[in-house]
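This report concerns only the one structure given below.
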Amino acid sequence: MAQLTLAGGTYSMAKDLTVTRMGYGAMQLAGPGVFGPPKDRDEAIAVLREAVNLGITHIDTSDYYGPFVTNQLIKEALYPYPEALHIVTKVGAYRDAKGGWPHADSPAELRRAIHDNLINLGLDVLDVVNLRVMGGGDGHSVQPGSIAESFEALVQLQQEGWIKHLGISTVSAEQIAEAQSIAPLVCVQNFFNIAHRDDDELITSLAKQGIAYVPYFPLGGFSPLQSSELEAVAQRHDAKPMAVALAWLLQHSPNILLIPGTSSVAHLHDNVSGAALELSDDDLRVLNAIAAG
Ligand SMILES: NC(=O)c1ccc[n+]([C@@H]2O[C@H](COP(=O)([O-])OP(=O)(O)OC[C@H]3O[C@@H](n4cnc5c(N)ncnc54)[C@H](OP(=O)(O)O)[C@@H]3O)[C@@H](O)[C@H]2O)c1
C-alpha cells in the first residue's frame, strides 16, 4: 500500500537513527492497567500496521507492558520490520502478580530484560534502550539518587553489541549529567504535556545539546487531557482537542518527539492529524494559559 507523507518532519537522534517526530507509543495496546492481553486484539494489530502505513518510524514500547504483550503484538503485526522503523524500548521494572511495577534495575535483571526484549521483538540488536528510573512518589516523579550502577550495566550491554543507543527516563538534570559522564545519551523520556510543564528548562537545555526529549503522557496518560482552551483552539482549526495538544508539543521545541498512545485506529488518525496543524501566536497564547491555570 502506498505510504502517505507524514507531517511533522523528522529528527536525527544519531547518524543511524532518524525518526519521524510523530511517533506512536504502544503501552495502550496491553489490557486494562497495562496488564494482560488487549481488549481487542485485531484492533491492536490494526493500530500498529496503520501507524507504519501512515509513515510513522518511531514506536515506543517495553517488555513490561503486559508484560511481554505489546512487544509480542509489535512482532506479530510488523515483523519483518521496515528498514526505516525504529523500535525504542525501556527497562528497569517488571510486573508483579498484582500488576505492580517493582524495580528490576540490577545488572543481572537488566541483562535478562535486554535478552527478553530481543527475543520478544525478534531483533538481534535494539536501536534504543531507555533506562526507566523507578520509584518516585506517584511513579512518574523523579526519584533522586545515583543511577550509575544501572546505567553502567546498560553501557556494558551496548559495548557487547546488544544495544545501539541509550536513553534515560523519569530523571532529573543531575541524573542526566551523571549518565552523560558515563556514555552519550540520544534521548530523555519524562512526563510532560501542555498541562504539566515541569521540564520546560530541561527541554531547552537538551535541545541545545541535540538530545531528543520524548514526553510520555503527551495526552494526559491515564487521565486524558480535558480543557476548554484545547476545545476552543480545536474549533478554530476544525480539529480534535488531542490533535491540538500534540501540535502544541511539536511547536514547543524542535527536539520534542511524540509517542501518543492509543488502542484505536480512529484515535491514531486524530493524533497523526495534529502534526499538520499550524498554531498561530494567538492559539499559543490561549493554550499557554492551560499550564498557568
Ligand atoms: N517512560 C515511561 O515511564 C512511560 C510512562 C508512560 C508511558 N510511556 C510511553 O508513552 C506513551 C504515551 O503515553 P500513554 O499512552 O500512557 O498516554 P497518552 O498518549 O498521554 O494518552 C493515552 C490515552 O489517551 C487516549 N487517547 C489517545 N488518543 C486519543 C484521541 N485522539 N482522542 C481521545 N482519547 C485519546 C487513549 O485511549 P484510547 O486507547 O481509547 O485511544 C489513552 O487513554 C505510551 O504508550 C508509552 O509508550 C512511557
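Just remember, in the C-alpha cells the first chain shown is A, the second B, etc., residues are 1-based per chain, and ligands are 1-based in the order shown.
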Chain A near ligand 1 within 7 Å: what's each residue's closest atom pair and its distance in Å to one decimal, counting only C-alpha atoms and all ligand atoms, ordered by chain then ascending residue number, as CSV?
```
residue,atom,partner,partner_atom_place_in_ligand_line,distance
A:Tyr24,CA,ligand 1,45 (O),6.9
A:Gly25,CA,ligand 1,45 (O),3.3
A:Ala26,CA,ligand 1,45 (O),4.4
A:Met27,CA,ligand 1,45 (O),3.7
A:Gln28,CA,ligand 1,15 (O),5.3
A:Asp60,CA,ligand 1,47 (O),4.6
A:Thr61,CA,ligand 1,47 (O),4.8
A:Arg132,CA,ligand 1,1 (N),6.0
A:His140,CA,ligand 1,3 (O),6.7
A:Ser169,CA,ligand 1,1 (N),5.2
A:Thr170,CA,ligand 1,3 (O),6.3
A:Gln189,CA,ligand 1,1 (N),5.5
A:Asn190,CA,ligand 1,1 (N),6.2
A:Tyr216,CA,ligand 1,10 (O),4.0
A:Phe217,CA,ligand 1,20 (O),3.1
A:Pro218,CA,ligand 1,20 (O),4.0
A:Leu219,CA,ligand 1,20 (O),3.2
A:Gly220,CA,ligand 1,20 (O),4.1
A:Gly221,CA,ligand 1,17 (O),3.3
A:Phe222,CA,ligand 1,43 (O),5.4
A:Ser223,CA,ligand 1,43 (O),6.9
A:Pro224,CA,ligand 1,24 (O),5.0
A:Met242,CA,ligand 1,31 (N),5.2
A:Ala243,CA,ligand 1,31 (N),6.7
A:Ile259,CA,ligand 1,11 (C),5.2
A:Pro260,CA,ligand 1,19 (O),3.5
A:Gly261,CA,ligand 1,15 (O),3.3
A:Thr262,CA,ligand 1,39 (O),3.6
A:Ser263,CA,ligand 1,39 (O),3.7
A:Ser264,CA,ligand 1,41 (O),5.1
A:His267,CA,ligand 1,31 (N),3.8
A:Leu268,CA,ligand 1,31 (N),6.2
A:Asp270,CA,ligand 1,31 (N),4.8
A:Asn271,CA,ligand 1,31 (N),5.1
```
Neighbours of Ala212 of chain A within 10 Å (only C-alpha atoms; same-chain residues fewer than 5 positions away dropped), as a compact mmCIF listing (two decimals) with C-alpha atoms, in the first residue's frame?
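Final file, around34.txt:
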```txt
# COMPACT_ATOMS: atom_id res chain seq x y z
CA TYR A 11 14.60 14.28 13.86
CA SER A 12 18.04 12.69 13.86
CA MET A 13 18.92 11.28 17.27
CA ALA A 14 22.16 9.88 15.82
CA ARG A 21 8.72 13.44 15.02
CA GLY A 167 18.37 6.99 26.76
CA LEU A 185 22.55 9.78 25.52
CA VAL A 186 20.31 10.17 22.47
CA CYS A 187 17.03 10.79 24.31
CA VAL A 188 15.35 11.58 27.58
CA GLN A 189 11.78 10.39 28.24
CA ILE A 203 13.87 20.61 27.28
CA LEU A 206 18.61 19.19 25.85
CA ALA A 207 17.67 20.95 22.59
CA SER A 253 10.66 22.72 20.92
CA PRO A 254 12.34 21.20 17.85
CA ASN A 255 13.80 18.31 19.88
CA ILE A 256 10.38 17.06 21.08
CA LEU A 257 9.37 13.69 19.61
```
* Which residues, written as number ranges by chain, have at least one atom at most 10 Å from Ile119 of chain A, with only C-alpha atoms counted and residues fewer than 6 positions away on the same chain left out? -> A: 71-72, 75, 113
Written selection (C-alpha atoms) as a compact mmCIF listing (two decimals), in the first residue's frame:
```txt
# COMPACT_ATOMS: atom_id res chain seq x y z
CA ASN A 71 6.34 -6.44 22.19
CA GLN A 72 4.77 -9.68 21.01
CA LYS A 75 6.39 -8.52 16.29
CA ALA A 113 15.46 -7.70 30.26
```
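Using only C-alpha atoms, the protein and nucleic acid residues lying no more than 12 Å from Leu277 of chain A, apart from those fewer than 5 places from it along its own chain, are Ala7, Gly8, Val233, Ala234, Arg236, His237, Asp238, Ala239, Lys240, Pro241, Met242, Ala243, Val244, Ala245, Leu246, Ala247, Trp248, Leu249, Leu250, Gln251, Asp270, Asn271, Val272 and Asp283 of chain A.
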* To do: Mind checking which residues fall within 10 Å of Leu131 of chain A, counting only C-alpha atoms, ignoring those fewer than 4 positions away in the same chain, and posting them as an NGL selection string?
  => :A and (89-93 or 105 or 110 or 147 or 150-151 or 154 or 166-171 or 188-189)
Go ahead and save the residues from that selection, with N, CA and C atoms, as a tab-separated table (two decimals), in the first residue's frame.
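The result, stored in part-v3.tsv:
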```
chain	number	residue	atom	x	y	z
A	89	THR	N	12.79	0.72	23.22
A	89	THR	CA	12.24	0.02	24.37
A	89	THR	C	12.82	0.58	25.67
A	90	LYS	N	12.28	0.09	26.79
A	90	LYS	CA	12.78	0.57	28.08
A	90	LYS	C	12.85	-0.57	29.06
A	91	VAL	N	13.78	-0.46	29.99
A	91	VAL	CA	14.00	-1.49	31.01
A	91	VAL	C	14.17	-0.80	32.36
A	92	GLY	N	14.05	-1.61	33.43
A	92	GLY	CA	14.22	-1.03	34.77
A	92	GLY	C	13.12	-1.46	35.73
A	93	ALA	N	12.09	-2.16	35.21
A	93	ALA	CA	10.99	-2.61	36.06
A	93	ALA	C	10.51	-3.98	35.59
A	105	ASP	N	16.41	-3.29	38.23
A	105	ASP	CA	17.49	-2.48	37.66
A	105	ASP	C	18.88	-2.89	38.11
A	110	LEU	N	18.86	-6.31	34.35
A	110	LEU	CA	18.90	-5.55	33.10
A	110	LEU	C	19.37	-6.44	31.95
A	147	ILE	N	22.26	6.95	39.41
A	147	ILE	CA	21.77	5.88	38.51
A	147	ILE	C	22.96	5.16	37.86
A	150	SER	N	23.18	1.09	37.35
A	150	SER	CA	22.27	0.56	36.32
A	150	SER	C	22.69	1.05	34.93
A	151	PHE	N	23.04	2.33	34.85
A	151	PHE	CA	23.39	2.87	33.53
A	151	PHE	C	24.67	2.21	33.02
A	154	LEU	N	23.94	-1.04	31.42
A	154	LEU	CA	23.45	-0.93	30.04
A	154	LEU	C	24.58	-0.59	29.07
A	166	LEU	N	21.51	4.72	23.80
A	166	LEU	CA	20.93	4.73	25.15
A	166	LEU	C	20.16	6.01	25.44
A	167	GLY	N	19.11	5.85	26.23
A	167	GLY	CA	18.37	6.99	26.76
A	167	GLY	C	18.04	6.72	28.21
A	168	ILE	N	17.44	7.72	28.87
A	168	ILE	CA	17.01	7.52	30.26
A	168	ILE	C	15.63	8.15	30.45
A	169	SER	N	14.92	7.65	31.45
A	169	SER	CA	13.52	8.07	31.63
A	169	SER	C	13.19	8.34	33.09
A	170	THR	N	12.40	9.39	33.28
A	170	THR	CA	11.94	9.83	34.61
A	170	THR	C	13.15	10.20	35.46
A	171	VAL	N	13.82	11.22	34.97
A	171	VAL	CA	15.11	11.62	35.54
A	171	VAL	C	15.19	13.14	35.70
A	188	VAL	N	15.84	11.58	26.20
A	188	VAL	CA	15.35	11.58	27.58
A	188	VAL	C	13.83	11.48	27.48
A	189	GLN	N	13.23	10.58	28.29
A	189	GLN	CA	11.78	10.39	28.24
A	189	GLN	C	11.20	10.67	29.62
```
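Running DSSP on the backbone and keeping only strand (DSSP E), the residues of segment 136-173 of chain A that qualify are Ile163, Lys164, His165, Leu166, Gly167, Ile168 and Ser169 of chain A.
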Since we have the selection now, will you write its residues out, keeping C-alpha atoms, as a CSV table (one decimal), in the first residue's frame?
```csv
chain,number,residue,atom,x,y,z
A,163,ILE,CA,22.1,-2.1,22.1
A,164,LYS,CA,22.9,0.7,19.6
A,165,HIS,CA,21.9,3.8,21.6
A,166,LEU,CA,20.9,4.7,25.2
A,167,GLY,CA,18.4,7.0,26.8
A,168,ILE,CA,17.0,7.5,30.3
A,169,SER,CA,13.5,8.1,31.6
```
* Asked: Out of segment 72-251 of chain A, which residues get helix (DSSP H, G or I) from DSSP, as a PyMOL selection string?
  -> chain A and resi 72-78+107-121+148-159+173-180+200-209+228-237+241-251
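Closest approach to Ala46 of chain A among A:Glu76, A:Glu174, A:Asp63, A:Glu229: A:Glu76, based on only C-alpha atoms.
Residues in contact range of Ala77 of chain A, defined as at most 7 Å between only C-alpha atoms, with sequence neighbours fewer than 4 positions away removed, read Ile45, Leu48, Arg49 and Leu73 of chain A.
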Compile a residue-level contact table for segment 67-148 of chain A against segment 32-39 of chain A at a cut-off of 8 Å, reporting for every qualifying residue the shortest atom pair and its distance in Å to one decimal, with only C-alpha atoms counted, rows ordered by chain and ascending number, as a tab-separated table.
```
residue	atom	partner	partner_atom	distance
A:Pro67	CA	A:Phe35	CA	6.5
A:Val69	CA	A:Pro37	CA	6.3
A:Gly99	CA	A:Phe35	CA	6.3
```
* Asked: Which one of A:Gly139, A:Leu202, A:Ile56, A:Ala44 sits closest to Thr20 of chain A if you count only C-alpha atoms?
  -> A:Ile56
* Check the smallest atom-to-atom distance from each of A:Gln158, A:Ser181, A:Ser146, A:Ser106 to Val129 of chain A using only C-alpha atoms, then report the winner. => A:Gln158
